[in-house]
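Trainee: Take a look at this one; I'll ask things after.
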Amino acid sequence: MQSSEAVQTQLYQILNPFVPAGFELVTETDLVADLDLDSMKVMDIVADVEDTFDIAVPLNILPDVRTVGDFVGQIQKLLEDGL
């Protein structure tokens, strides 16, 4: 089982290409408001998360993912559930 910090570090690496210059990711970073992610970018990120963590991310959890911290929590839950 990966620690929250390890999941967060890997997620930061996935999100890094979408981060505006001079902006620092934190757990409270809002994925849409702060990173200006559209639906296509979100789907790219979901695909990268699935590949990186070897999980399947159900699309029905996406409305519950607003911040980086929310996403870390959902990834950890999926890892625990073995999805």
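By convention in this document, the chains of the structure tokens carry letters A, B, ... by their order, each chain's residues are numbered from 1, and ligands are numbered from 1 in the order they are shown.
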As a list in words, please: every residue in segment 22-64 of chain A that a backbone DSSP assignment puts in helix (DSSP H, G or I).
Mentor: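 Across segment 22-64 of chain A, those assigned helix (DSSP H, G or I) are Ser39, Met40, Lys41, Val42, Met43, Asp44, Ile45, Val46, Ala47, Asp48, Val49, Glu50, Asp51, Thr52, Phe53, Leu59, Asn60, Ile61, Leu62, Pro63 and Asp64 of chain A.
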Trainee: Dump N, CA, C and O atoms for the selected residues as a compact mmCIF listing (two decimals), in the first residue's frame?
Mentor:
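Writing done, so here's out38.txt:
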```
# COMPACT_ATOMS: atom_id res chain seq x y z
N SER A 39 -12.55 19.25 -19.87
CA SER A 39 -12.88 17.83 -19.82
C SER A 39 -11.85 16.96 -20.53
O SER A 39 -11.56 15.84 -20.09
N MET A 40 -11.27 17.44 -21.60
CA MET A 40 -10.26 16.66 -22.32
C MET A 40 -8.99 16.51 -21.48
O MET A 40 -8.40 15.43 -21.42
N LYS A 41 -8.58 17.57 -20.81
CA LYS A 41 -7.39 17.50 -19.96
C LYS A 41 -7.65 16.55 -18.78
O LYS A 41 -6.77 15.78 -18.39
N VAL A 42 -8.86 16.62 -18.23
CA VAL A 42 -9.21 15.74 -17.12
C VAL A 42 -9.12 14.28 -17.56
O VAL A 42 -8.57 13.43 -16.84
N MET A 43 -9.61 13.97 -18.74
CA MET A 43 -9.56 12.60 -19.23
C MET A 43 -8.12 12.15 -19.46
O MET A 43 -7.78 10.99 -19.19
N ASP A 44 -7.26 13.05 -19.94
CA ASP A 44 -5.84 12.72 -20.10
C ASP A 44 -5.22 12.41 -18.74
O ASP A 44 -4.43 11.47 -18.60
N ILE A 45 -5.55 13.23 -17.74
CA ILE A 45 -5.02 13.03 -16.39
C ILE A 45 -5.53 11.70 -15.82
O ILE A 45 -4.75 10.94 -15.23
N VAL A 46 -6.80 11.41 -15.99
CA VAL A 46 -7.37 10.15 -15.51
C VAL A 46 -6.64 8.97 -16.15
O VAL A 46 -6.28 8.00 -15.46
N ALA A 47 -6.39 9.04 -17.45
CA ALA A 47 -5.67 7.96 -18.15
C ALA A 47 -4.26 7.80 -17.58
O ALA A 47 -3.80 6.67 -17.37
N ASP A 48 -3.58 8.91 -17.32
CA ASP A 48 -2.24 8.85 -16.73
C ASP A 48 -2.27 8.27 -15.33
O ASP A 48 -1.40 7.48 -14.95
N VAL A 49 -3.29 8.64 -14.55
CA VAL A 49 -3.44 8.10 -13.19
C VAL A 49 -3.67 6.59 -13.26
O VAL A 49 -3.06 5.81 -12.51
N GLU A 50 -4.53 6.16 -14.17
CA GLU A 50 -4.80 4.72 -14.31
C GLU A 50 -3.53 3.96 -14.67
O GLU A 50 -3.27 2.89 -14.12
N ASP A 51 -2.74 4.51 -15.59
CA ASP A 51 -1.50 3.84 -16.00
C ASP A 51 -0.48 3.84 -14.86
O ASP A 51 0.17 2.84 -14.61
N THR A 52 -0.32 4.97 -14.19
CA THR A 52 0.68 5.10 -13.14
C THR A 52 0.39 4.19 -11.95
O THR A 52 1.30 3.54 -11.42
N PHE A 53 -0.86 4.15 -11.54
CA PHE A 53 -1.22 3.40 -10.33
C PHE A 53 -1.80 2.03 -10.63
O PHE A 53 -2.12 1.28 -9.70
N LEU A 59 -15.70 6.86 -13.66
CA LEU A 59 -16.04 8.25 -13.97
C LEU A 59 -17.02 8.85 -12.97
O LEU A 59 -17.06 10.06 -12.79
N ASN A 60 -17.77 8.00 -12.28
CA ASN A 60 -18.76 8.52 -11.33
C ASN A 60 -18.12 9.11 -10.07
O ASN A 60 -18.80 9.75 -9.28
N ILE A 61 -16.80 8.92 -9.86
CA ILE A 61 -16.15 9.54 -8.70
C ILE A 61 -15.66 10.95 -9.02
O ILE A 61 -15.36 11.72 -8.11
N LEU A 62 -15.58 11.29 -10.29
CA LEU A 62 -15.00 12.58 -10.68
C LEU A 62 -15.74 13.78 -10.10
O LEU A 62 -15.09 14.76 -9.72
N PRO A 63 -17.07 13.76 -9.97
CA PRO A 63 -17.72 14.91 -9.33
C PRO A 63 -17.29 15.13 -7.87
O PRO A 63 -17.40 16.23 -7.36
N ASP A 64 -16.77 14.09 -7.22
CA ASP A 64 -16.31 14.20 -5.84
C ASP A 64 -14.85 14.64 -5.74
O ASP A 64 -14.33 14.79 -4.65
```
Trainee: Near segment 77-79 of chain A, within 9 Å and counting only C-alpha atoms, which residues show up once chain neighbours fewer than 4 positions away are dropped, as a list in words?
Mentor: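 Counting only the stated atoms, we get Met1, Gln2, Phe53, Asp54, Ile55, Ala56, Val57, Val72, Gly73 and Leu83 of chain A.
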Trainee: So the first atom is atom CA of Ser4 of chain A and the second is atom CA of Val65 of chain A; what is the distance between them in Å, to one decimal place?
Mentor: 15.7 Å
Trainee: Which neighbours of Pro20 of chain A fall inside 10 Å, counting only C-alpha atoms, when residues of the same chain fewer than 4 positions from it are skipped, and could you give them as a ChimeraX atom specification?
Mentor: /A:16,24-25,34-36
Trainee: Taking only C-alpha atoms into account, name the residue in A:Leu37, A:Ala21, A:Leu31, A:Val68 that is nearest to Thr9 of chain A.
Mentor: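 Of A:Leu37, A:Ala21, A:Leu31, A:Val68, the one nearest Thr9 of chain A is A:Val68, counting only C-alpha atoms.
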Trainee: Just how far from atom CA of Gly82 of chain A is atom CA of Thr29 of chain A, in Å to one decimal?
Mentor: 26.7 Å
Trainee: Set the distance at 9 Å and use only C-alpha atoms: which residues neighbour Glu28 of chain A once local chain neighbours fewer than 4 positions away are removed? I'd like the list as a ChimeraX atom specification.
Mentor: /A:66-70
Trainee: Can those selected residues be exported to a file as a PDB file, in the first residue's frame so that it contains N, CA, C and O atoms?
Mentor:
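Just written: result-v7.pdb:
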```
ATOM      1  N   ARG A  66     -12.501  17.510  -6.354  1.00  0.00           N
ATOM      2  CA  ARG A  66     -12.386  18.940  -6.641  1.00  0.00           C
ATOM      3  C   ARG A  66     -10.956  19.440  -6.462  1.00  0.00           C
ATOM      4  O   ARG A  66     -10.480  20.266  -7.231  1.00  0.00           O
ATOM      5  N   THR A  67     -10.277  18.918  -5.451  1.00  0.00           N
ATOM      6  CA  THR A  67      -8.923  19.375  -5.147  1.00  0.00           C
ATOM      7  C   THR A  67      -7.919  18.241  -5.345  1.00  0.00           C
ATOM      8  O   THR A  67      -8.297  17.061  -5.473  1.00  0.00           O
ATOM      9  N   VAL A  68      -6.656  18.608  -5.317  1.00  0.00           N
ATOM     10  CA  VAL A  68      -5.600  17.600  -5.386  1.00  0.00           C
ATOM     11  C   VAL A  68      -5.748  16.624  -4.222  1.00  0.00           C
ATOM     12  O   VAL A  68      -5.631  15.416  -4.393  1.00  0.00           O
ATOM     13  N   GLY A  69      -6.043  17.137  -3.037  1.00  0.00           N
ATOM     14  CA  GLY A  69      -6.235  16.281  -1.870  1.00  0.00           C
ATOM     15  C   GLY A  69      -7.377  15.291  -2.048  1.00  0.00           C
ATOM     16  O   GLY A  69      -7.270  14.127  -1.653  1.00  0.00           O
ATOM     17  N   ASP A  70      -8.471  15.759  -2.655  1.00  0.00           N
ATOM     18  CA  ASP A  70      -9.606  14.864  -2.948  1.00  0.00           C
ATOM     19  C   ASP A  70      -9.158  13.727  -3.864  1.00  0.00           C
ATOM     20  O   ASP A  70      -9.537  12.572  -3.672  1.00  0.00           O
TER      21      ASP A  70
END
```
Trainee: Enter the distance from atom CA of Ile75 of chain A to atom CA of Val7 of chain A, in Å, rounded to one decimal.
Mentor: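 Computing the Euclidean distance for atom CA of Ile75 of chain A and atom CA of Val7 of chain A yields 7.6 Å.
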Trainee: Can you work out which one of A:Ala33, A:Glu80, A:Ala6, A:Phe71 has the shortest atom-to-atom distance to Val19 of chain A, counting only C-alpha atoms?
Mentor: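 That would be A:Ala33, the residue with the smallest distance to Val19 of chain A.
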